[in-house]
>>> print(open('structure-v7.txt').read())   # compact mmCIF, C-alpha atoms
# COMPACT_ATOMS: atom_id res chain seq x y z
CA ASP M 1 0.00 0.00 0.00
CA ALA M 2 1.04 3.60 -0.57
CA LEU M 3 2.24 5.44 2.53
CA LYS M 4 -0.78 7.12 4.18
CA ILE M 5 -0.53 9.69 6.99
CA ILE M 6 -4.32 10.10 7.38
CA ASP M 7 -6.88 7.67 8.79
CA GLU M 8 -8.45 5.00 6.58
CA SER M 9 -11.89 6.66 6.47
CA THR M 10 -10.55 10.04 5.31
CA TRP M 11 -8.31 8.30 2.78
CA GLN M 12 -11.25 6.44 1.28
CA GLN M 13 -13.40 9.58 1.10
CA ALA M 14 -10.61 11.39 -0.74
CA GLN M 15 -10.29 8.50 -3.18
CA ASP M 16 -14.05 8.50 -3.81
CA ILE M 17 -14.01 12.26 -4.54
CA TYR M 18 -11.01 11.87 -6.84
CA TYR M 19 -12.62 9.16 -8.96
CA ARG M 20 -15.97 10.96 -9.11
CA ARG M 21 -14.27 14.13 -10.35
CA LYS M 22 -12.13 12.15 -12.77
CA GLU M 23 -15.24 10.55 -14.27
CA TYR M 24 -17.03 13.91 -14.37
CA TYR M 25 -14.31 15.63 -16.39
CA LYS M 26 -13.90 12.62 -18.65
CA ASN M 27 -17.60 12.68 -19.44
CA ARG M 28 -17.61 16.44 -19.83
CA HIS M 29 -14.98 16.47 -22.56
CA ARG M 30 -15.80 13.27 -24.43
CA HIS M 31 -17.71 13.28 -27.70
CA SER M 32 -21.44 12.81 -27.35
CA ASP M 33 -22.84 9.43 -28.31
CA ILE M 34 -26.39 10.64 -27.68
CA ASN M 35 -26.80 13.32 -30.33
CA LEU M 36 -25.02 14.13 -33.54
CA LEU M 37 -25.01 17.92 -33.10
CA SER M 38 -24.23 18.22 -29.38
CA THR M 39 -21.82 21.03 -28.34
CA ILE M 40 -21.08 22.02 -31.94
CA CYS M 41 -23.95 24.42 -32.71
CA ILE M 42 -23.89 28.02 -31.46
CA CYS M 43 -25.98 31.16 -31.72
CA GLU M 44 -23.82 33.71 -33.52
CA ASN M 45 -25.86 36.61 -32.15
CA CYS M 46 -25.08 35.96 -28.47
CA GLN M 47 -22.34 33.30 -28.75
CA GLY M 48 -24.43 30.95 -26.62
CA ILE M 49 -24.98 27.30 -27.48
CA LEU M 50 -28.00 25.88 -29.27
CA LYS M 51 -30.11 23.33 -27.42
CA ARG M 52 -32.16 20.48 -28.79
CA LYS M 53 -35.94 20.63 -28.31
CA LYS M 54 -38.92 18.67 -29.51
CA LYS M 55 -41.00 20.62 -32.00
CA ARG M 56 -44.37 21.64 -30.58
CA ASN M 57 -46.33 20.91 -33.70
CA CYS M 58 -44.43 17.71 -34.49
CA PRO M 59 -43.36 15.80 -31.33
CA ASP M 60 -41.36 13.18 -33.21
CA LYS M 61 -39.17 15.91 -34.75
CA TYR M 62 -36.52 18.10 -33.16
CA GLU M 63 -35.20 21.60 -33.61
CA TRP M 64 -32.14 23.45 -32.32
CA VAL M 65 -32.71 26.80 -30.65
CA CYS M 66 -30.66 29.43 -28.86
CA GLN M 67 -30.46 28.28 -25.25
CA ASN M 68 -30.17 31.83 -23.88
CA ASN M 69 -33.30 32.94 -25.73
CA ASP M 70 -35.17 29.79 -24.74
CA LEU M 71 -34.31 30.07 -21.04
CA TYR M 72 -34.17 33.83 -20.46
CA GLY M 73 -36.02 35.39 -23.36
CA LYS M 74 -35.08 38.42 -25.42
CA ARG M 75 -33.35 40.24 -22.55
CA ILE M 76 -30.36 37.92 -23.04
CA CYS M 77 -30.66 37.15 -26.75
CA LYS M 78 -33.16 38.71 -29.12
CA TYR M 79 -33.17 35.80 -31.53
CA ARG M 80 -34.48 32.27 -31.15
CA ASN M 81 -32.49 31.12 -34.20
CA SER M 82 -34.37 27.85 -34.45
CA VAL M 83 -33.36 25.34 -37.12
CA ASP M 84 -34.92 21.96 -37.81
CA GLU M 85 -32.54 19.16 -36.90
CA ASP M 86 -33.16 17.39 -40.21
CA VAL M 87 -32.35 20.56 -42.14
CA ILE M 88 -29.06 21.30 -40.39
CA THR M 89 -27.99 17.64 -40.47
CA GLU M 90 -28.59 17.34 -44.20
CA TYR M 91 -26.87 20.68 -44.76
CA LEU M 92 -23.70 19.39 -43.04
CA LYS M 93 -23.84 16.04 -44.82
CA GLN M 94 -24.12 17.75 -48.19
CA ASN M 95 -21.10 19.90 -47.45
CA ILE M 96 -19.10 16.82 -46.50
CA ARG M 97 -20.14 15.21 -49.79
CA ASN M 98 -18.94 18.33 -51.58
CA TYR M 99 -15.57 18.07 -49.85
CA VAL M 100 -15.23 14.40 -50.74
CA SER M 101 -16.09 15.02 -54.39
CA ASP M 102 -13.87 18.10 -54.78
CA LYS M 103 -10.61 17.37 -52.99
CA GLU M 104 -8.77 19.36 -55.64
CA GLN M 105 -10.35 22.54 -54.28
CA LEU M 106 -9.26 21.58 -50.77
CA LYS M 107 -5.71 21.09 -52.03
CA ASN M 108 -5.84 24.50 -53.71
CA ASN M 109 -7.01 25.97 -50.40
CA LEU M 110 -4.02 24.35 -48.69
CA GLU M 111 -1.61 25.79 -51.24
CA THR M 112 -3.13 29.25 -50.82
CA TYR M 113 -2.84 28.91 -47.05
CA LEU M 114 0.81 27.84 -47.24
CA GLU M 115 1.66 30.65 -49.66
CA THR M 116 -0.03 33.16 -47.35
CA TYR M 117 1.43 32.07 -44.04
CA TYR M 118 4.67 30.28 -44.97
CA ASP M 119 7.64 31.11 -47.17
CA LEU M 120 7.76 28.47 -49.91
CA ASN M 121 11.49 29.14 -50.37
CA ILE M 122 12.25 28.48 -46.72
CA LEU M 123 14.42 25.40 -47.33
CA SER M 124 16.61 27.42 -49.68
CA LYS M 125 16.91 30.15 -47.05
CA ILE M 126 17.92 27.61 -44.40
CA GLU M 127 20.55 26.20 -46.72
CA ASN M 128 21.90 29.70 -47.41
CA ARG M 129 22.17 30.43 -43.68
CA TYR M 130 24.19 27.24 -43.18
CA LEU M 131 26.49 28.31 -46.02
CA GLU M 132 26.92 31.69 -44.32
CA LEU M 133 27.80 29.92 -41.05
CA ALA M 134 30.38 27.78 -42.86
CA SER M 135 31.85 30.89 -44.49
CA LEU M 136 31.99 32.58 -41.10
CA GLU M 137 33.98 29.68 -39.69
CA GLU M 138 36.46 29.90 -42.56
CA GLU M 139 36.79 33.62 -41.97
CA LYS M 140 37.52 33.02 -38.29
CA LYS M 141 40.28 30.56 -39.17
CA HIS M 142 41.73 33.17 -41.53
CA TYR M 143 41.85 35.85 -38.81
CA ILE M 144 43.41 33.44 -36.33
CA ASN M 145 46.04 32.60 -38.94
CA LEU M 146 46.71 36.32 -39.52
CA ASN M 147 47.21 36.77 -35.79
CA MET M 148 49.63 33.85 -35.63
CA LYS M 149 51.64 35.42 -38.46
CA GLY M 150 51.70 38.77 -36.71
CA VAL M 151 49.65 40.52 -39.39
CA ILE M 152 47.05 41.55 -36.78
CA ASN M 153 47.60 41.93 -33.05
CA ASP M 154 45.69 40.28 -30.20
CA GLU M 155 43.45 43.30 -29.68
CA GLU M 156 42.40 43.28 -33.33
CA LEU M 157 41.75 39.52 -33.14
CA THR M 158 39.65 39.99 -30.01
CA MET M 159 37.56 42.66 -31.74
CA TYR M 160 37.00 40.32 -34.67
CA ILE M 161 36.12 37.36 -32.42
CA ASN M 162 33.48 39.47 -30.64
CA SER M 163 31.99 40.44 -34.00
CA TYR M 164 32.18 36.83 -35.17
CA ARG M 165 30.31 35.55 -32.12
CA GLN M 166 27.55 38.10 -32.60
CA SER M 167 27.18 37.24 -36.29
CA LYS M 168 27.19 33.51 -35.56
CA ASN M 169 24.60 33.92 -32.82
CA ASN M 170 22.30 35.92 -35.15
CA LEU M 171 22.62 33.34 -37.93
CA GLU M 172 21.95 30.42 -35.59
CA LYS M 173 18.84 32.16 -34.24
CA GLU M 174 17.61 32.72 -37.77
CA VAL M 175 18.26 29.06 -38.69
CA LEU M 176 16.28 27.97 -35.64
CA LYS M 177 13.41 30.31 -36.51
CA LEU M 178 13.31 29.17 -40.14
CA THR M 179 13.55 25.52 -39.13
CA ASN M 180 10.60 25.87 -36.76
CA ILE M 181 8.54 27.54 -39.50
CA GLU M 182 9.45 24.74 -41.91
CA ARG M 183 8.39 22.13 -39.33
CA GLU M 184 5.06 23.91 -38.81
CA ALA M 185 4.45 23.90 -42.55
CA GLU M 186 5.25 20.18 -42.76
CA GLN M 187 2.96 19.48 -39.82
CA THR M 188 0.17 21.40 -41.58
CA LYS M 189 0.70 19.24 -44.67
CA ARG M 190 0.58 16.03 -42.60
CA GLN M 191 -2.59 17.14 -40.84
CA PHE M 192 -4.16 17.95 -44.20
CA SER M 193 -3.22 14.49 -45.54
CA ASP M 194 -4.81 12.89 -42.48
CA TYR M 195 -7.90 15.04 -43.04
CA ILE M 196 -8.20 13.95 -46.70
CA ARG M 197 -7.74 10.32 -45.69
CA TYR M 198 -10.45 10.73 -43.07
CA LEU M 199 -12.87 12.20 -45.63
CA ASP M 200 -12.28 9.14 -47.83
CA GLU M 201 -13.17 6.82 -44.96
CA VAL M 202 -16.01 8.63 -43.18
CA ASP M 203 -19.49 7.09 -43.45
CA ILE M 204 -21.59 10.14 -44.29
CA ASP M 205 -24.90 8.34 -43.79
CA ASN M 206 -23.89 7.17 -40.31
CA LEU M 207 -22.06 10.17 -38.90
CA THR M 208 -21.23 10.47 -35.22
CA ASN M 209 -20.66 13.53 -33.08
CA ALA M 210 -16.94 12.71 -33.12
CA ASP M 211 -16.99 12.63 -36.93
CA LEU M 212 -18.53 16.09 -37.13
CA LYS M 213 -15.98 17.55 -34.71
CA LYS M 214 -13.15 16.31 -36.89
CA ILE M 215 -14.61 18.17 -39.87
CA PHE M 216 -16.44 21.19 -38.40
CA TYR M 217 -15.06 23.44 -35.69
CA LYS M 218 -18.49 24.98 -35.15
CA VAL M 219 -21.86 25.44 -36.81
CA SER M 220 -23.41 28.88 -36.33
CA VAL M 221 -26.92 30.19 -36.74
CA VAL M 222 -27.26 33.96 -37.00
CA THR M 223 -30.05 36.43 -37.68
CA ILE M 224 -29.15 39.54 -39.67
CA ASN M 225 -31.83 42.04 -40.72
CA ASN M 226 -34.54 39.51 -39.85
CA GLN M 227 -32.94 36.94 -42.14
CA LYS M 228 -31.63 33.71 -40.61
CA TYR M 229 -28.42 32.10 -41.88
CA VAL M 230 -26.57 28.88 -41.12
CA LYS M 231 -22.80 28.85 -41.56
CA PHE M 232 -19.95 26.69 -40.41
CA THR M 233 -16.23 26.82 -39.70
CA THR M 234 -14.19 23.77 -40.67
CA THR M 235 -11.25 22.39 -38.72
CA HIS M 236 -9.03 22.70 -41.81
>>> encode(input="structure-v7.txt", output="structure tokens")
Amino acid sequence: DALKIIDESTWQQAQDIYYRRKEYYKNRHRHSDINLLSTICICENCQGILKRKKKRNCPDKYEWVCQNNDLYGKRICKYRNSVDEDVITEYLKQNIRNYVSDKEQLKNNLETYLETYYDLNILSKIENRYLELASLEEEKKHYINLNMKGVINDEELTMYINSYRQSKNNLEKEVLKLTNIEREAEQTKRQFSDYIRYLDEVDIDNLTNADLKKIFYKVSVVTINNQKYVKFTTTH
């Protein structure tokens, strides 16, 4: 047994609390197996979540409504932003089908993203910085050799060495920065490849909540000028 400096009863109570809390947080963050759209739909007008409710005029059907409006009325959110569950589900499925059938557009989006946020010539820049570092080392050897021959004195060599160290430090920092950027770009490409592979394998007619969260970051319903819109943000 682990060393315990409290009585057995207190120890057991603490263990019970620990495991209850552990189970609570595990359940809180896991994907929902109960409903496809859980925790993914939000009201864009108030940034609250949408809740699932049975339709009054059709008890076997469900709709998603702004929880703040439903619970507290218009003083919290002016808009109910209700959407039939069948409508929003089919809307998401159709967009997934579009992704699956037009992967070329997704690849073009990736290229645009990489061109916008990453330097496509970064490997060449890294190589050039390494060449500059090698040249710097050769220059240092040259100055040391000049000092040994008496062409420059120790004070002049010391001044050069200080300059050399600063230049080397700057180049090494830049290599590290460029290397990290290159790694981020490669990671983005790997994540995109995994995403494409997932789209090829996903069963659109039998989606789960976990499936949706891999494809959509959020689904928003918003009312603008008395017109209701549904939009989504993808994870890629």
>>> residues_around(input="structure-v7.txt", residues="segment 180-193 of chain M", least_positions_apart="2", cutoff="12 Å", atoms="only C-alpha atoms", output="PyMOL selection string")
chain M and resi 103+106-111+113-126+173-178+195-200+214-215+235-236
>>> residues_around(input="structure-v7.txt", residues="Ala134 of chain M", least_positions_apart="6", cutoff="10 Å", atoms="all atoms listed in the file", output="PyMOL selection string")
chain M and resi 128+140+168
>>> residues_around(input="structure-v7.txt", residues="Tyr229 of chain M", least_positions_apart="2", cutoff="10 Å", atoms="only C-alpha atoms", output="number ranges by chain")
M: 44, 81, 83, 220-224, 226-227, 231
>>> write_last_selection(input="structure-v7.txt", atoms="C-alpha atoms", output="PDB file, in the coordinates of the input")
ATOM      1  CA  GLU M  44     -23.820  33.710 -33.520  1.00  0.00           C
ATOM      2  CA  ASN M  81     -32.490  31.120 -34.200  1.00  0.00           C
ATOM      3  CA  VAL M  83     -33.360  25.340 -37.120  1.00  0.00           C
ATOM      4  CA  SER M 220     -23.410  28.880 -36.330  1.00  0.00           C
ATOM      5  CA  VAL M 221     -26.920  30.190 -36.740  1.00  0.00           C
ATOM      6  CA  VAL M 222     -27.260  33.960 -37.000  1.00  0.00           C
ATOM      7  CA  THR M 223     -30.050  36.430 -37.680  1.00  0.00           C
ATOM      8  CA  ILE M 224     -29.150  39.540 -39.670  1.00  0.00           C
ATOM      9  CA  ASN M 226     -34.540  39.510 -39.850  1.00  0.00           C
ATOM     10  CA  GLN M 227     -32.940  36.940 -42.140  1.00  0.00           C
ATOM     11  CA  LYS M 231     -22.800  28.850 -41.560  1.00  0.00           C
TER      12      LYS M 231
END
>>> atom_distance(input="structure-v7.txt", atom1="atom CA of His142 of chain M", atom2="atom CA of Glu156 of chain M")
13.0 Å
>>> closest_residue(input="structure-v7.txt", among="M:Ile204, M:Val87, M:Leu171, M:Leu157", to="Glu132 of chain M", atoms="all atoms listed in the file")
M:Leu171
>>> closest_residue(input="structure-v7.txt", among="M:Ser163, M:Ile96, M:Lys218, M:Ser135", to="Val202 of chain M", atoms="only C-alpha atoms")
M:Ile96
>>> residues_near_point(input="structure-v7.txt", point="(35.8, 38.3, -33.2)", cutoff="12 Å", atoms="only C-alpha atoms", output="JSON, numbers by chain")
{"M": [136, 137, 139, 140, 141, 142, 143, 144, 147, 154, 155, 156, 157, 158, 159, 160, 161, 162, 163, 164, 165, 166, 167, 168]}
>>> decode(input="structure-v7.txt", residues="segment 164-190 of chain M", atoms="N, CA, C and O atoms", output="PDB file, in the first residue's frame")
ATOM      1  N   TYR M 164      32.477  38.176 -34.659  1.00  0.00           N
ATOM      2  CA  TYR M 164      32.182  36.832 -35.169  1.00  0.00           C
ATOM      3  C   TYR M 164      31.111  36.143 -34.328  1.00  0.00           C
ATOM      4  O   TYR M 164      30.164  35.551 -34.864  1.00  0.00           O
ATOM      5  N   ARG M 165      31.267  36.211 -33.018  1.00  0.00           N
ATOM      6  CA  ARG M 165      30.307  35.549 -32.122  1.00  0.00           C
ATOM      7  C   ARG M 165      28.901  36.130 -32.275  1.00  0.00           C
ATOM      8  O   ARG M 165      27.919  35.397 -32.266  1.00  0.00           O
ATOM      9  N   GLN M 166      28.848  37.451 -32.421  1.00  0.00           N
ATOM     10  CA  GLN M 166      27.546  38.096 -32.595  1.00  0.00           C
ATOM     11  C   GLN M 166      26.899  37.671 -33.909  1.00  0.00           C
ATOM     12  O   GLN M 166      25.707  37.348 -33.963  1.00  0.00           O
ATOM     13  N   SER M 167      27.700  37.643 -34.975  1.00  0.00           N
ATOM     14  CA  SER M 167      27.181  37.244 -36.288  1.00  0.00           C
ATOM     15  C   SER M 167      26.733  35.784 -36.273  1.00  0.00           C
ATOM     16  O   SER M 167      25.676  35.441 -36.817  1.00  0.00           O
ATOM     17  N   LYS M 168      27.533  34.931 -35.640  1.00  0.00           N
ATOM     18  CA  LYS M 168      27.187  33.514 -35.556  1.00  0.00           C
ATOM     19  C   LYS M 168      25.902  33.316 -34.766  1.00  0.00           C
ATOM     20  O   LYS M 168      25.024  32.541 -35.161  1.00  0.00           O
ATOM     21  N   ASN M 169      25.790  34.027 -33.658  1.00  0.00           N
ATOM     22  CA  ASN M 169      24.598  33.921 -32.825  1.00  0.00           C
ATOM     23  C   ASN M 169      23.348  34.336 -33.603  1.00  0.00           C
ATOM     24  O   ASN M 169      22.305  33.676 -33.539  1.00  0.00           O
ATOM     25  N   ASN M 170      23.439  35.433 -34.360  1.00  0.00           N
ATOM     26  CA  ASN M 170      22.302  35.917 -35.153  1.00  0.00           C
ATOM     27  C   ASN M 170      21.901  34.902 -36.223  1.00  0.00           C
ATOM     28  O   ASN M 170      20.709  34.656 -36.452  1.00  0.00           O
ATOM     29  N   LEU M 171      22.905  34.329 -36.890  1.00  0.00           N
ATOM     30  CA  LEU M 171      22.621  33.344 -37.933  1.00  0.00           C
ATOM     31  C   LEU M 171      21.991  32.088 -37.355  1.00  0.00           C
ATOM     32  O   LEU M 171      21.048  31.525 -37.922  1.00  0.00           O
ATOM     33  N   GLU M 172      22.500  31.625 -36.218  1.00  0.00           N
ATOM     34  CA  GLU M 172      21.946  30.419 -35.586  1.00  0.00           C
ATOM     35  C   GLU M 172      20.513  30.639 -35.129  1.00  0.00           C
ATOM     36  O   GLU M 172      19.667  29.741 -35.252  1.00  0.00           O
ATOM     37  N   LYS M 173      20.222  31.843 -34.629  1.00  0.00           N
ATOM     38  CA  LYS M 173      18.841  32.161 -34.243  1.00  0.00           C
ATOM     39  C   LYS M 173      17.920  32.153 -35.454  1.00  0.00           C
ATOM     40  O   LYS M 173      16.791  31.665 -35.382  1.00  0.00           O
ATOM     41  N   GLU M 174      18.426  32.684 -36.561  1.00  0.00           N
ATOM     42  CA  GLU M 174      17.606  32.721 -37.770  1.00  0.00           C
ATOM     43  C   GLU M 174      17.376  31.320 -38.320  1.00  0.00           C
ATOM     44  O   GLU M 174      16.284  30.999 -38.783  1.00  0.00           O
ATOM     45  N   VAL M 175      18.410  30.458 -38.258  1.00  0.00           N
ATOM     46  CA  VAL M 175      18.257  29.064 -38.693  1.00  0.00           C
ATOM     47  C   VAL M 175      17.203  28.361 -37.846  1.00  0.00           C
ATOM     48  O   VAL M 175      16.337  27.643 -38.374  1.00  0.00           O
ATOM     49  N   LEU M 176      17.262  28.581 -36.536  1.00  0.00           N
ATOM     50  CA  LEU M 176      16.282  27.965 -35.638  1.00  0.00           C
ATOM     51  C   LEU M 176      14.870  28.442 -35.957  1.00  0.00           C
ATOM     52  O   LEU M 176      13.925  27.643 -36.025  1.00  0.00           O
ATOM     53  N   LYS M 177      14.719  29.747 -36.186  1.00  0.00           N
ATOM     54  CA  LYS M 177      13.406  30.309 -36.511  1.00  0.00           C
ATOM     55  C   LYS M 177      12.874  29.729 -37.814  1.00  0.00           C
ATOM     56  O   LYS M 177      11.715  29.299 -37.902  1.00  0.00           O
ATOM     57  N   LEU M 178      13.724  29.701 -38.842  1.00  0.00           N
ATOM     58  CA  LEU M 178      13.314  29.173 -40.143  1.00  0.00           C
ATOM     59  C   LEU M 178      12.993  27.690 -40.062  1.00  0.00           C
ATOM     60  O   LEU M 178      12.043  27.212 -40.685  1.00  0.00           O
ATOM     61  N   THR M 179      13.777  26.958 -39.292  1.00  0.00           N
ATOM     62  CA  THR M 179      13.546  25.515 -39.133  1.00  0.00           C
ATOM     63  C   THR M 179      12.210  25.248 -38.458  1.00  0.00           C
ATOM     64  O   THR M 179      11.468  24.343 -38.859  1.00  0.00           O
ATOM     65  N   ASN M 180      11.888  26.036 -37.441  1.00  0.00           N
ATOM     66  CA  ASN M 180      10.598  25.868 -36.757  1.00  0.00           C
ATOM     67  C   ASN M 180       9.434  26.170 -37.697  1.00  0.00           C
ATOM     68  O   ASN M 180       8.403  25.484 -37.680  1.00  0.00           O
ATOM     69  N   ILE M 181       9.587  27.206 -38.526  1.00  0.00           N
ATOM     70  CA  ILE M 181       8.541  27.541 -39.496  1.00  0.00           C
ATOM     71  C   ILE M 181       8.369  26.411 -40.496  1.00  0.00           C
ATOM     72  O   ILE M 181       7.246  26.025 -40.845  1.00  0.00           O
ATOM     73  N   GLU M 182       9.503  25.852 -40.946  1.00  0.00           N
ATOM     74  CA  GLU M 182       9.448  24.744 -41.910  1.00  0.00           C
ATOM     75  C   GLU M 182       8.759  23.527 -41.295  1.00  0.00           C
ATOM     76  O   GLU M 182       7.964  22.845 -41.946  1.00  0.00           O
ATOM     77  N   ARG M 183       9.033  23.261 -40.022  1.00  0.00           N
ATOM     78  CA  ARG M 183       8.390  22.132 -39.326  1.00  0.00           C
ATOM     79  C   ARG M 183       6.884  22.354 -39.202  1.00  0.00           C
ATOM     80  O   ARG M 183       6.099  21.418 -39.352  1.00  0.00           O
ATOM     81  N   GLU M 184       6.495  23.597 -38.900  1.00  0.00           N
ATOM     82  CA  GLU M 184       5.057  23.914 -38.808  1.00  0.00           C
ATOM     83  C   GLU M 184       4.365  23.688 -40.148  1.00  0.00           C
ATOM     84  O   GLU M 184       3.240  23.163 -40.201  1.00  0.00           O
ATOM     85  N   ALA M 185       5.026  24.091 -41.221  1.00  0.00           N
ATOM     86  CA  ALA M 185       4.454  23.901 -42.555  1.00  0.00           C
ATOM     87  C   ALA M 185       4.303  22.416 -42.867  1.00  0.00           C
ATOM     88  O   ALA M 185       3.272  21.981 -43.405  1.00  0.00           O
ATOM     89  N   GLU M 186       5.313  21.625 -42.517  1.00  0.00           N
ATOM     90  CA  GLU M 186       5.249  20.183 -42.759  1.00  0.00           C
ATOM     91  C   GLU M 186       4.161  19.533 -41.906  1.00  0.00           C
ATOM     92  O   GLU M 186       3.469  18.621 -42.360  1.00  0.00           O
ATOM     93  N   GLN M 187       4.018  20.011 -40.683  1.00  0.00           N
ATOM     94  CA  GLN M 187       2.960  19.479 -39.824  1.00  0.00           C
ATOM     95  C   GLN M 187       1.590  19.808 -40.396  1.00  0.00           C
ATOM     96  O   GLN M 187       0.673  18.970 -40.369  1.00  0.00           O
ATOM     97  N   THR M 188       1.429  21.013 -40.937  1.00  0.00           N
ATOM     98  CA  THR M 188       0.171  21.401 -41.575  1.00  0.00           C
ATOM     99  C   THR M 188      -0.143  20.470 -42.744  1.00  0.00           C
ATOM    100  O   THR M 188      -1.285  20.039 -42.926  1.00  0.00           O
ATOM    101  N   LYS M 189       0.887  20.141 -43.530  1.00  0.00           N
ATOM    102  CA  LYS M 189       0.701  19.236 -44.670  1.00  0.00           C
ATOM    103  C   LYS M 189       0.302  17.837 -44.196  1.00  0.00           C
ATOM    104  O   LYS M 189      -0.570  17.200 -44.801  1.00  0.00           O
ATOM    105  N   ARG M 190       0.927  17.361 -43.129  1.00  0.00           N
ATOM    106  CA  ARG M 190       0.582  16.030 -42.601  1.00  0.00           C
ATOM    107  C   ARG M 190      -0.848  16.003 -42.071  1.00  0.00           C
ATOM    108  O   ARG M 190      -1.596  15.040 -42.305  1.00  0.00           O
TER     109      ARG M 190
END
